[in-house]
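Shown next: upload_15.txt, given as compact mmCIF, C-alpha atoms.
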# COMPACT_ATOMS: atom_id res chain seq x y z
CA MET A 2 -14.74 -4.34 -15.15
CA THR A 3 -14.34 -4.68 -18.84
CA MET A 4 -14.86 -2.21 -21.55
CA GLU A 5 -17.38 -2.46 -24.34
CA THR A 6 -15.77 -5.09 -26.49
CA SER A 7 -18.19 -5.31 -29.35
CA GLY A 8 -17.29 -3.89 -32.68
CA LEU A 9 -13.64 -3.08 -32.84
CA GLU A 10 -14.32 -1.29 -36.09
CA ARG A 11 -11.56 -0.54 -38.44
CA CYS A 12 -9.97 2.77 -37.83
CA SER A 13 -7.60 4.69 -40.03
CA ALA A 14 -4.00 3.59 -40.18
CA GLU A 15 -3.12 7.09 -39.13
CA LEU A 16 -5.13 6.82 -35.88
CA GLU A 17 -3.80 3.37 -35.15
CA ARG A 18 -0.28 4.59 -35.67
CA ALA A 19 -0.83 7.62 -33.43
CA CYS A 20 -2.16 5.47 -30.61
CA ALA A 21 0.67 2.95 -30.92
CA GLN A 22 3.22 5.77 -30.92
CA PHE A 23 1.62 7.12 -27.75
CA LEU A 24 1.90 3.76 -25.98
CA TYR A 25 5.50 3.23 -27.11
CA ARG A 26 6.52 6.68 -26.00
CA GLU A 27 4.79 6.19 -22.65
CA ALA A 28 6.65 2.89 -22.17
CA GLU A 29 9.93 4.63 -22.97
CA LEU A 30 9.36 7.41 -20.46
CA LEU A 31 8.43 4.94 -17.71
CA ASP A 32 11.31 2.56 -18.50
CA GLU A 33 13.67 5.51 -18.29
CA THR A 34 12.07 6.65 -14.99
CA ARG A 35 11.11 10.00 -16.48
CA TYR A 36 8.06 10.13 -14.19
CA GLN A 37 7.50 13.87 -14.29
CA GLU A 38 7.59 13.96 -18.07
CA TRP A 39 5.18 11.01 -18.18
CA PHE A 40 2.82 12.80 -15.81
CA ASP A 41 3.03 16.12 -17.65
CA THR A 42 2.76 14.86 -21.22
CA CYS A 43 0.83 11.57 -21.10
CA LEU A 44 -1.95 11.97 -18.53
CA SER A 45 -5.26 13.73 -18.87
CA ALA A 46 -6.51 15.80 -15.94
CA ASP A 47 -9.58 13.59 -15.58
CA LEU A 48 -7.55 10.41 -15.49
CA GLN A 49 -9.05 7.23 -14.08
CA TYR A 50 -6.46 4.51 -13.45
CA LEU A 51 -7.67 1.14 -12.22
CA ILE A 52 -6.06 -2.21 -11.46
CA PRO A 53 -8.92 -4.47 -10.34
CA THR A 54 -8.14 -7.65 -8.45
CA ARG A 55 -8.62 -10.86 -10.37
CA THR A 56 -10.47 -13.75 -8.76
CA THR A 57 -10.29 -17.48 -9.32
CA ARG A 58 -13.73 -18.78 -10.13
CA GLU A 59 -15.66 -21.35 -12.09
CA ARG A 60 -15.95 -20.65 -15.74
CA ALA A 61 -19.28 -19.03 -16.42
CA PRO A 62 -20.50 -17.08 -19.40
CA ASP A 63 -20.76 -13.32 -18.95
CA VAL A 64 -19.23 -13.37 -15.47
CA SER A 65 -15.98 -11.44 -15.21
CA GLU A 66 -13.07 -12.77 -13.19
CA PHE A 67 -12.22 -9.16 -12.41
CA SER A 68 -13.75 -7.53 -9.37
CA ASP A 69 -15.67 -4.31 -9.79
CA VAL A 70 -15.24 -3.39 -6.12
CA SER A 71 -11.74 -4.58 -5.21
CA PHE A 72 -8.62 -2.95 -6.57
CA HIS A 73 -4.86 -3.02 -6.26
CA MET A 74 -4.89 0.55 -7.46
CA LYS A 75 -7.71 3.05 -7.97
CA ASP A 76 -6.17 6.36 -8.84
CA THR A 77 -6.99 9.77 -10.23
CA TYR A 78 -4.87 12.51 -11.74
CA GLY A 79 -4.51 14.03 -8.26
CA THR A 80 -3.42 10.83 -6.53
CA MET A 81 -1.11 10.00 -9.43
CA ARG A 82 0.55 13.38 -8.89
CA VAL A 83 1.19 12.40 -5.26
CA ARG A 84 2.75 9.12 -6.40
CA VAL A 85 4.99 10.89 -8.91
CA ASN A 86 5.97 13.61 -6.45
CA ARG A 87 6.84 10.89 -3.95
CA LEU A 88 9.05 9.07 -6.44
CA LEU A 89 10.89 12.33 -7.01
CA THR A 90 11.77 12.74 -3.32
CA GLU A 91 15.01 11.33 -1.99
CA HIS A 92 13.14 8.96 0.30
CA ALA A 93 11.03 6.74 -1.95
CA TRP A 94 12.99 3.70 -0.88
CA ALA A 95 11.03 1.04 -2.76
CA GLU A 96 12.22 2.48 -6.08
CA ASP A 97 15.70 3.56 -5.02
CA PRO A 98 17.64 2.09 -6.73
CA ALA A 99 14.99 2.11 -9.42
CA SER A 100 13.70 -1.12 -10.89
CA ARG A 101 15.22 -2.00 -14.25
CA THR A 102 12.19 -2.40 -16.45
CA ARG A 103 11.29 -3.10 -20.06
CA ARG A 104 7.68 -2.72 -21.08
CA LEU A 105 6.85 -4.75 -24.17
CA VAL A 106 3.61 -3.39 -25.62
CA THR A 107 1.91 -5.48 -28.30
CA ASN A 108 -1.44 -6.56 -29.79
CA ILE A 109 -2.66 -3.00 -30.09
CA ARG A 110 -6.28 -2.68 -31.19
CA VAL A 111 -7.86 0.70 -31.74
CA ARG A 112 -11.48 1.78 -32.00
CA GLU A 113 -12.34 5.35 -32.77
CA VAL A 114 -15.08 6.54 -30.43
CA THR A 115 -15.38 10.09 -31.69
CA ALA A 116 -12.99 12.34 -33.49
CA GLY A 117 -10.15 12.79 -31.03
CA GLU A 118 -11.09 9.91 -28.73
CA ALA A 119 -10.11 6.27 -29.07
CA GLU A 120 -10.45 3.04 -27.15
CA VAL A 121 -7.15 1.24 -27.26
CA ARG A 122 -6.49 -2.25 -26.06
CA SER A 123 -2.97 -3.57 -25.75
CA TYR A 124 -1.02 -6.37 -24.14
CA LEU A 125 1.76 -5.54 -21.73
CA MET A 126 4.63 -7.74 -20.67
CA LEU A 127 6.74 -6.00 -18.09
CA TYR A 128 10.17 -7.28 -17.08
CA ARG A 129 11.29 -5.97 -13.70
CA SER A 130 14.52 -6.52 -11.86
CA GLN A 131 16.09 -4.69 -8.96
CA TRP A 132 19.23 -4.84 -6.82
CA ASP A 133 22.17 -7.14 -7.52
CA THR A 134 20.35 -10.31 -8.39
CA VAL A 135 19.67 -12.50 -11.38
CA ASP A 136 16.00 -12.76 -10.38
CA HIS A 137 13.26 -10.85 -12.12
CA ASP A 138 9.51 -10.43 -11.98
CA LEU A 139 7.31 -10.71 -15.01
CA ILE A 140 4.02 -8.84 -14.96
CA VAL A 141 1.58 -9.60 -17.75
CA ALA A 142 -1.64 -7.75 -18.45
CA GLU A 143 -4.10 -6.45 -20.96
CA ARG A 144 -4.67 -2.72 -20.79
CA GLN A 145 -7.93 -1.15 -21.85
CA ASP A 146 -7.32 2.53 -22.38
CA VAL A 147 -9.21 5.58 -23.45
CA LEU A 148 -6.93 8.04 -25.22
CA ARG A 149 -8.07 11.56 -25.91
CA GLN A 150 -6.62 14.31 -28.03
CA GLU A 151 -6.20 17.50 -26.03
CA SER A 152 -4.74 20.56 -27.71
CA GLY A 153 -3.43 18.35 -30.47
CA GLN A 154 -1.74 15.89 -28.12
CA TRP A 155 -2.91 12.39 -27.19
CA ARG A 156 -3.37 11.79 -23.48
CA LEU A 157 -4.47 8.90 -21.30
CA ALA A 158 -7.96 9.54 -19.89
CA ARG A 159 -8.69 6.08 -18.55
CA ARG A 160 -6.75 2.87 -18.05
CA VAL A 161 -7.99 -0.45 -16.76
CA VAL A 162 -5.19 -2.94 -16.22
CA LEU A 163 -6.43 -6.53 -16.44
CA LEU A 164 -3.73 -8.62 -14.84
CA ALA A 165 -2.94 -12.15 -15.95
CA HIS A 166 -2.32 -12.82 -12.25
CA THR A 167 -4.62 -13.49 -9.32
CA ILE A 168 -1.85 -13.30 -6.72
CA VAL A 169 0.53 -10.46 -7.44
CA GLY A 170 3.95 -11.92 -8.18
CA THR A 171 5.93 -8.75 -7.67
CA SER A 172 6.48 -7.16 -4.28
CA ASN A 173 4.64 -3.92 -5.09
CA PHE A 174 3.10 -1.72 -7.73
CA GLY A 175 5.68 0.99 -7.21
CA ILE A 176 6.05 1.04 -10.97
CA PHE A 177 3.27 2.04 -13.35
CA LEU A 178 1.63 -0.49 -15.65
CA VAL B 27 3.97 -12.03 -2.60
CA ALA B 28 6.86 -10.31 -0.88
CA PRO B 29 10.50 -11.34 -0.41
CA ALA B 30 10.39 -11.04 3.37
CA ASN B 31 9.87 -13.17 6.45
CA TRP B 32 6.27 -13.21 7.66
CA LYS B 33 7.28 -12.27 11.22
CA SER B 34 8.65 -8.94 9.98
CA GLY B 35 5.12 -7.78 9.20
CA ALA B 36 3.80 -9.03 12.51
CA GLU B 37 6.65 -7.40 14.43
CA ASN B 38 6.29 -4.13 12.57
CA PHE B 39 2.58 -3.89 13.30
CA ILE B 40 2.88 -4.83 16.96
CA GLY B 41 4.95 -1.86 17.97
CA ASP B 42 7.50 -0.49 15.53
CA ALA B 43 6.81 3.22 15.39
CA TYR B 44 10.34 4.60 15.23
CA HIS B 45 10.74 3.51 11.62
CA ILE B 46 8.18 5.98 10.32
CA THR B 47 10.29 9.14 10.44
CA THR B 48 12.86 7.73 8.03
CA LEU B 49 11.09 4.95 6.15
CA HIS B 50 7.89 6.90 5.44
CA ARG B 51 9.40 10.32 5.11
CA SER B 52 8.45 10.59 1.45
CA ALA B 53 4.74 10.38 2.33
CA GLU B 54 5.16 13.34 4.67
CA GLU B 55 7.11 15.26 2.05
CA VAL B 56 4.31 15.05 -0.51
CA GLY B 57 1.56 15.95 1.94
CA ALA B 58 0.08 12.45 2.21
CA ALA B 59 0.88 12.19 5.91
CA PRO B 60 1.20 14.60 8.84
CA PRO B 61 4.68 15.32 10.23
CA MET B 62 6.03 12.00 11.40
CA ASP B 63 7.61 13.35 14.59
CA LEU B 64 4.18 14.64 15.68
CA LEU B 65 2.74 11.19 15.06
CA LEU B 66 5.46 9.61 17.19
CA ASP B 67 4.77 12.05 20.02
CA SER B 68 1.08 11.11 20.07
CA GLU B 69 1.45 7.33 20.22
CA PHE B 70 2.18 4.73 22.89
CA HIS B 71 2.34 0.95 23.31
CA VAL B 72 -0.15 -1.33 24.93
CA THR B 73 1.47 -4.65 25.77
CA LEU B 74 -0.90 -7.59 26.18
CA ASP B 75 -0.40 -11.17 27.35
CA ASN B 76 0.67 -14.03 25.08
CA GLY B 77 2.68 -11.95 22.61
CA HIS B 78 -0.15 -9.69 21.46
CA GLY B 79 0.15 -5.91 21.37
CA VAL B 80 -1.09 -2.67 19.86
CA ILE B 81 -0.08 0.94 19.29
CA VAL B 82 -2.59 3.45 20.63
CA ASN B 83 -2.76 7.11 19.77
CA LEU B 84 -3.93 10.33 21.32
CA PRO B 85 -6.15 12.48 19.05
CA GLN B 86 -4.18 13.26 15.90
CA LEU B 87 -6.68 15.08 13.73
CA PRO B 88 -7.98 18.53 14.63
CA PRO B 89 -11.72 19.09 15.27
CA PRO B 90 -14.25 18.35 13.90
CA PHE B 91 -12.66 14.91 13.68
CA GLY B 92 -13.34 12.94 16.84
CA MET B 93 -13.57 9.36 17.98
CA MET B 94 -11.00 7.12 16.25
CA GLY B 95 -10.40 9.86 13.69
CA TYR B 96 -13.95 9.83 12.29
CA PRO B 97 -15.93 12.95 11.39
CA PRO B 98 -19.05 13.84 13.43
CA ASP B 99 -21.60 12.62 10.88
CA ILE B 100 -20.04 9.16 10.94
CA ILE B 101 -19.61 9.08 14.72
CA GLU B 102 -23.32 9.73 15.22
CA THR B 103 -24.16 6.52 13.34
CA PHE B 104 -22.24 4.39 15.88
CA ASP B 105 -24.10 2.20 18.35
CA LEU B 106 -21.83 2.11 21.41
CA SER B 107 -24.32 0.39 23.74
CA ALA B 108 -22.41 -2.92 23.77
CA LEU B 109 -19.15 -1.38 25.01
CA ASP B 110 -17.99 -2.08 28.54
CA ASP B 111 -16.78 0.57 30.97
CA GLY B 112 -13.14 0.13 30.02
CA GLN B 113 -13.90 0.51 26.32
CA ARG B 114 -15.99 3.59 27.09
CA ALA B 115 -13.17 5.09 29.12
CA PHE B 116 -10.78 4.42 26.23
CA LEU B 117 -12.96 6.34 23.76
CA ASP B 118 -13.86 9.08 26.27
CA ALA B 119 -10.14 9.71 26.75
CA GLY B 120 -9.93 10.41 23.02
CA LEU B 121 -7.74 7.40 22.38
CA GLY B 122 -7.66 5.41 19.19
CA LEU B 123 -6.00 2.36 17.69
CA VAL B 124 -3.24 2.61 15.09
CA VAL B 125 -1.85 -0.86 14.50
CA GLY B 126 -1.69 -4.14 16.37
CA THR B 127 -0.79 -7.80 16.06
CA VAL B 128 -2.60 -10.85 17.33
CA PHE B 129 0.16 -13.44 17.79
CA PRO B 130 1.46 -14.90 15.57
CA ASN B 131 0.47 -13.54 12.14
CA LEU B 132 -2.76 -11.48 12.18
CA SER B 133 -2.44 -7.70 12.26
CA PHE B 134 -4.67 -4.69 11.82
CA ILE B 135 -4.27 -1.05 10.94
CA HIS B 136 -6.59 1.89 11.53
CA ALA B 137 -5.46 5.26 10.22
CA PRO B 138 -6.67 8.40 8.50
CA ALA B 139 -5.48 8.24 4.89
CA VAL B 140 -4.82 11.11 2.53
CA THR B 141 -4.83 10.20 -1.16
CA ASP B 142 -4.68 13.67 -2.67
CA PRO B 143 -3.98 16.58 -0.32
CA GLU B 144 -5.89 18.91 -2.67
CA ALA B 145 -8.98 16.73 -2.96
CA GLY B 146 -10.50 16.35 0.48
CA PRO B 147 -10.17 15.49 4.14
CA PRO B 148 -8.52 12.28 5.29
CA ALA B 149 -10.77 9.25 5.64
CA ALA B 150 -10.12 6.77 8.44
CA PHE B 151 -9.79 3.24 7.11
CA THR B 152 -9.43 -0.09 8.86
CA ALA B 153 -7.84 -3.21 7.42
CA LEU B 154 -6.98 -6.67 8.64
CA ARG B 155 -3.93 -8.39 7.27
CA GLN B 156 -2.59 -11.87 7.50
CA TRP B 157 1.10 -12.61 6.95
CA GLN B 158 1.12 -16.02 5.27
CA PRO B 159 4.49 -17.81 5.37
CA HIS B 160 5.82 -19.18 2.09
CA GLY B 161 9.12 -20.10 3.76
CA PRO B 162 11.82 -18.22 5.66
CA GLY B 163 12.33 -15.56 3.00
CA GLU B 164 8.94 -15.13 1.37
CA MET B 165 5.40 -14.40 2.44
CA GLU B 166 2.03 -13.77 0.93
CA ILE B 167 0.07 -10.83 2.31
CA TRP B 168 -3.69 -11.09 2.64
CA ASN B 169 -5.36 -7.73 3.07
CA TRP B 170 -9.00 -7.20 4.06
CA PRO B 171 -10.14 -3.57 4.01
CA LEU B 172 -13.17 -3.28 6.31
CA ALA B 173 -16.28 -1.15 5.81
CA LEU B 174 -18.57 0.33 8.45
CA ASN B 175 -22.11 -1.04 8.38
CA SER B 176 -23.47 2.25 9.63
CA ALA B 177 -21.59 4.62 7.33
CA PRO B 178 -22.82 5.81 3.95
CA ASP B 179 -21.26 4.24 0.85
CA ALA B 180 -19.43 7.43 -0.05
CA PHE B 181 -17.51 7.39 3.21
CA ASN B 182 -16.69 3.69 2.97
CA GLN B 183 -15.53 4.19 -0.60
CA ALA B 184 -13.25 7.08 0.38
CA ALA B 185 -11.86 5.02 3.26
CA TYR B 186 -11.30 2.06 0.94
CA GLU B 187 -9.45 4.17 -1.60
CA GLY B 188 -7.35 5.71 1.16
CA GLY B 189 -6.59 2.26 2.51
CA ILE B 190 -5.31 0.83 -0.76
CA PHE B 191 -3.44 4.05 -1.60
CA THR B 192 -1.43 3.68 1.61
CA PHE B 193 -1.44 -0.02 2.58
CA SER B 194 -1.73 -2.49 -0.31
CA ALA B 195 0.50 -3.73 -3.11
CA SER B 196 0.39 -0.21 -4.54
CA GLY B 197 0.34 1.49 -1.12
CA ILE B 198 2.84 4.30 -0.75
CA PHE B 199 3.60 3.24 2.84
CA GLU B 200 3.63 -0.49 2.32
CA GLN B 201 6.00 -0.30 -0.66
CA ASP B 202 8.68 1.17 1.54
CA ASP B 203 7.94 -1.13 4.49
CA MET B 204 8.76 -4.03 2.20
CA VAL B 205 12.24 -2.65 1.54
CA ALA B 206 13.04 -2.75 5.23
CA TRP B 207 11.48 -6.16 5.75
CA SER B 208 13.18 -7.76 2.78
CA GLY B 209 16.55 -6.20 3.58
CA GLY B 210 16.80 -7.80 7.02
CA PRO B 211 17.28 -11.43 5.97
CA ARG B 212 19.75 -10.42 3.26
CA ALA B 213 21.84 -8.38 5.67
CA GLY B 214 21.56 -11.06 8.34
CA ARG B 215 22.97 -13.75 6.06
CA SER B 216 26.10 -11.74 5.30
CA ALA B 217 29.48 -12.88 6.60
CA PHE B 218 29.88 -9.61 8.45
CA ALA B 219 26.57 -9.97 10.24
CA ARG B 220 27.17 -13.60 11.17
CA ARG B 221 30.51 -12.79 12.74
CA ASP B 222 29.93 -9.58 14.62
CA MET B 223 26.34 -8.43 14.68
CA LYS B 224 23.68 -8.91 17.30
CA LEU B 225 20.21 -7.51 16.78
CA ASN B 226 19.48 -5.02 19.52
CA PHE B 227 16.01 -4.99 21.03
CA GLN B 228 16.83 -3.07 24.19
CA LEU B 229 15.06 0.20 23.41
CA GLY B 230 12.94 1.21 26.38
CA MET B 231 14.50 -1.22 28.84
CA ASP B 232 15.58 0.04 32.26
CA GLY B 233 17.96 2.93 31.94
CA MET B 234 17.76 2.98 28.13
CA SER B 235 15.16 5.71 27.63
CA ASP B 236 12.20 7.41 29.27
CA TYR B 237 9.88 4.47 28.70
CA GLU B 238 7.58 4.06 31.70
CA ASN B 239 4.15 2.68 32.42
CA ARG B 240 1.23 5.10 32.10
CA PRO B 241 -0.48 5.47 35.46
CA ASP B 242 -3.85 6.45 33.92
CA TRP B 243 -4.31 3.40 31.68
CA MET B 244 -7.72 1.74 31.97
CA GLY B 245 -6.47 -1.65 30.83
CA PRO B 246 -6.17 -4.31 29.63
CA GLY B 247 -2.43 -4.96 29.64
CA GLU B 248 0.29 -2.42 30.33
CA ALA B 249 0.52 0.91 28.55
CA SER B 250 3.69 2.90 28.04
CA THR B 251 4.33 6.63 28.23
CA THR B 252 6.01 6.69 24.85
CA VAL B 253 6.09 4.57 21.72
CA LEU B 254 9.90 4.81 21.57
CA GLY B 255 10.57 1.40 23.03
CA GLU B 256 10.53 -2.25 22.04
CA ARG B 257 8.54 -3.92 24.80
CA ASN B 258 5.82 -5.11 22.43
CA GLN B 259 8.38 -6.51 20.04
CA ARG B 260 10.28 -8.27 22.83
CA ARG B 261 7.09 -9.91 24.14
CA TYR B 262 6.24 -11.06 20.64
CA TRP B 263 9.65 -12.66 20.18
CA GLU B 264 9.57 -14.17 23.70
CA ARG B 265 6.28 -15.85 22.86
CA TRP B 266 7.77 -17.05 19.59
CA ARG B 267 10.82 -18.44 21.38
CA ASP B 268 8.59 -20.22 23.90
CA ALA B 269 6.54 -21.76 21.12
CA MET B 270 9.65 -22.93 19.28
CA VAL B 271 11.30 -24.39 22.38
CA ALA B 272 8.10 -26.18 23.36
CA SER B 273 7.79 -27.88 20.00
How does the structure come out when it is put into structure tokens?
Amino acid sequence: MTMETSGLERCSAELERACAQFLYREAELLDETRYQEWFDTCLSADLQYLIPTRTTRERAPDVSEFSDVSFHMKDTYGTMRVRVNRLLTEHAWAEDPASRTRRLVTNIRVREVTAGEAEVRSYLMLYRSQWDTVDHDLIVAERQDVLRQESGQWRLARRVVLLAHTIVGTSNFGIFL
Amino acid sequence: VAPANWKSGAENFIGDAYHITTLHRSAEEVGAAPPMDLLLDSEFHVTLDNGHGVIVNLPQLPPPFGMMGYPPDIIETFDLSALDDGQRAFLDAGLGLVVGTVFPNLSFIHAPAVTDPEAGPPAAFTALRQWQPHGPGEMEIWNWPLALNSAPDAFNQAAYEGGIFTFSASGIFEQDDMVAWSGGPRAGRSAFARRDMKLNFQLGMDGMSDYENRPDWMGPGEASTTVLGERNQRRYWERWRDAMVAS
């Protein structure tokens, strides 16, 4: 459950900047709970969105800690639409009141696959708090994305979220990573 | 890890059906679940000894879906030769399992899941879950989605995806369940609740509603005419009380 990691070749500063801007804008939309806008402007119609479970195992070369059969989330464009539609109802209790989130996106590395398609790896640190409490959850992950340019606009075609956690330390994935 | 008491999960899965029309309404509204009031009308309790219990349903999916909500090509792979007469009668009556709890903290769910209403038919999934106490106000949920030995990979995969889309950390049903479960302890600790409030578990008791025993039940245990009652929950808590008093 990892992407081809060899050869993160240099790409143009322009491409790197475009991909970073995409990730920052996506984080802004999600932090501001603008789900519909995120769905309409950030996602590709052939989206694959995966959060594999992480296992605890002996260190061994070439053996991934991430399962290729077990997932916290295994979504498509169609199922993501259901999630977004649900959040926009008046009865999506888990996110009402909405979580207060800040997505810190860093360590962005870009590899151009073809003209108009890029593999983008980034680190995500997500602060999440909800209700009247001083407590918060911290979700940390690497994201391995495929971004594609469609009609001049970058969109997310594939995302694999590699959690830094084996046991999920937040009560649900009702927010998007 | 969820900010809720482990018994809330067990109690929910042993018999709480009346929460679905409000708590899971959003799933119905986006086409990921059939109308909740129809679901309620097609379910009933089976109360077993020692604090165990299940919710059973009448057929919920239209033909060609049959036994336990499976399609015909999956049903024909089943080997039913080891079933006893009572189990046969249960399936022949078109009945199926929805949820249940083995006292104290092991539950299961079996349900047809819709992930994308535009993509395909619902796939029936089955999952075991263990509610692991971390203390009074926190639990860890272990979730085992099960696969059918006899079914093709494509079906098992669809069932798995349906299972985690509905009941997992990202599940659109489970997310909202957690709100109810985590809200209970918070509300219960409040000054208002400590002074005036008693939790009412009388639904379905004599004179409270039309909750009777089904005369046609093949056993084991007692089956109810409607799921709008709290007999299963009361038996669970009685067993819990007995265990606490004994120790």
Given a cut-off of 8 Å, which residues of chain A touch chain B, counting only C-alpha atoms, written out as a list in words? Phe72, His73, Met74, Lys75, Gly79, Thr80, Val83, Arg84, Asn86, Arg87, Thr90, Glu91, His92, Ala93, Trp94, Ala95, Ile168, Val169, Gly170, Thr171, Ser172, Asn173, Phe174 and Gly175 of chain A
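Using only C-alpha atoms, the smallest distance between any of B:Arg155, B:His71, B:Arg221, B:His45 and B:Ser250 comes from B:His71.
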With all atoms listed in the file as the atoms that count, which of A:Glu38, A:Asp63, A:Asp69, A:Asp47 lies nearest to A:Val147?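 Looking at the shortest contact to A:Val147, the residue is A:Asp47.
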Just the residues within 8 Å of B:Ala149, please, counting only C-alpha atoms, with nothing from its chain fewer than 5 positions along; format it as number ranges by chain. B: 96, 138-140, 181, 184-185, 188
For A:Val162, please output as a ChimeraX atom specification all residues within 12 Å (counting all atoms listed in the file; exclusion window: fewer than 2 positions along the same chain). /A:2-4,49-55,67-68,72-76,121-126,140-147,159-160,164-166,174,177-178
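We find atom CA of B:His160 and atom CA of B:Met223 to be spaced 26.4 Å apart.
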Identify which of the residues B:Ala177, B:Leu66, B:Arg114, B:Gly120 lies closest to B:Asp99, counting all atoms listed in the file when measuring atom-to-atom distances.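 The closest residue to B:Asp99 is B:Ala177.
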Contact residues around A:Val114 with all atoms listed in the file at 10 Å, ignoring same-chain residues under 4 positions, as an NGL selection string: :A and (10 or 12 or 118-120 or 147-149)
Those same residues - C-alpha atoms - I'd like them written as a short mmCIF file (atom, residue, chain, number, x, y, z; two decimals), keeping the file's coordinate frame.
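Output saved as out-v4.cif:
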data_model
loop_
_atom_site.label_atom_id
_atom_site.label_comp_id
_atom_site.auth_asym_id
_atom_site.auth_seq_id
_atom_site.Cartn_x
_atom_site.Cartn_y
_atom_site.Cartn_z
CA GLU A 10 -14.32 -1.29 -36.09
CA CYS A 12 -9.97 2.77 -37.83
CA GLU A 118 -11.09 9.91 -28.73
CA ALA A 119 -10.11 6.27 -29.07
CA GLU A 120 -10.45 3.04 -27.15
CA VAL A 147 -9.21 5.58 -23.45
CA LEU A 148 -6.93 8.04 -25.22
CA ARG A 149 -8.07 11.56 -25.91
#
Which distance in Å separates atom CA of B:Glu248 and atom CA of B:Asp75, to one decimal?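 Taking atom CA of B:Glu248 and atom CA of B:Asp75, their separation equals 9.3 Å.
Counting from atom CA of B:Met62, the distance to atom CA of B:Ala150 is 17.2 Å.
Distances to B:Pro60 were evaluated for B:Asn31, B:Gln86, B:Thr73, B:Thr127 using all atoms listed in the file, and the minimum falls at B:Gln86.
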Stretch 121-129 of chain B: axis-aligned bounding box, 5 Å on each side, centre and edge lengths in Å, one decimal, as AutoDock Vina command-line options:
--center_x -3.8 --center_y -3.0 --center_z 18.4 --size_x 17.9 --size_y 30.8 --size_z 17.9
Determine, counting all atoms listed in the file, which protein, DNA and RNA residues have an atom within 10 Å of an atom of B:Asp67; residues of the same chain fewer than 3 positions away are not included. Present the result as a list in words.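 Residues meeting the cut-off are Met62, Asp63, Leu64, Phe70, Asn83, Leu84, Gln86, Thr251, Thr252, Val253 and Leu254 of chain B.
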Please tell me which residues are no farther than 9 Å from (-6.4, 7.2, 33.3) in the file, counting all atoms listed in the file, and write them as a ChimeraX atom specification. /B:115-116,119,240-244
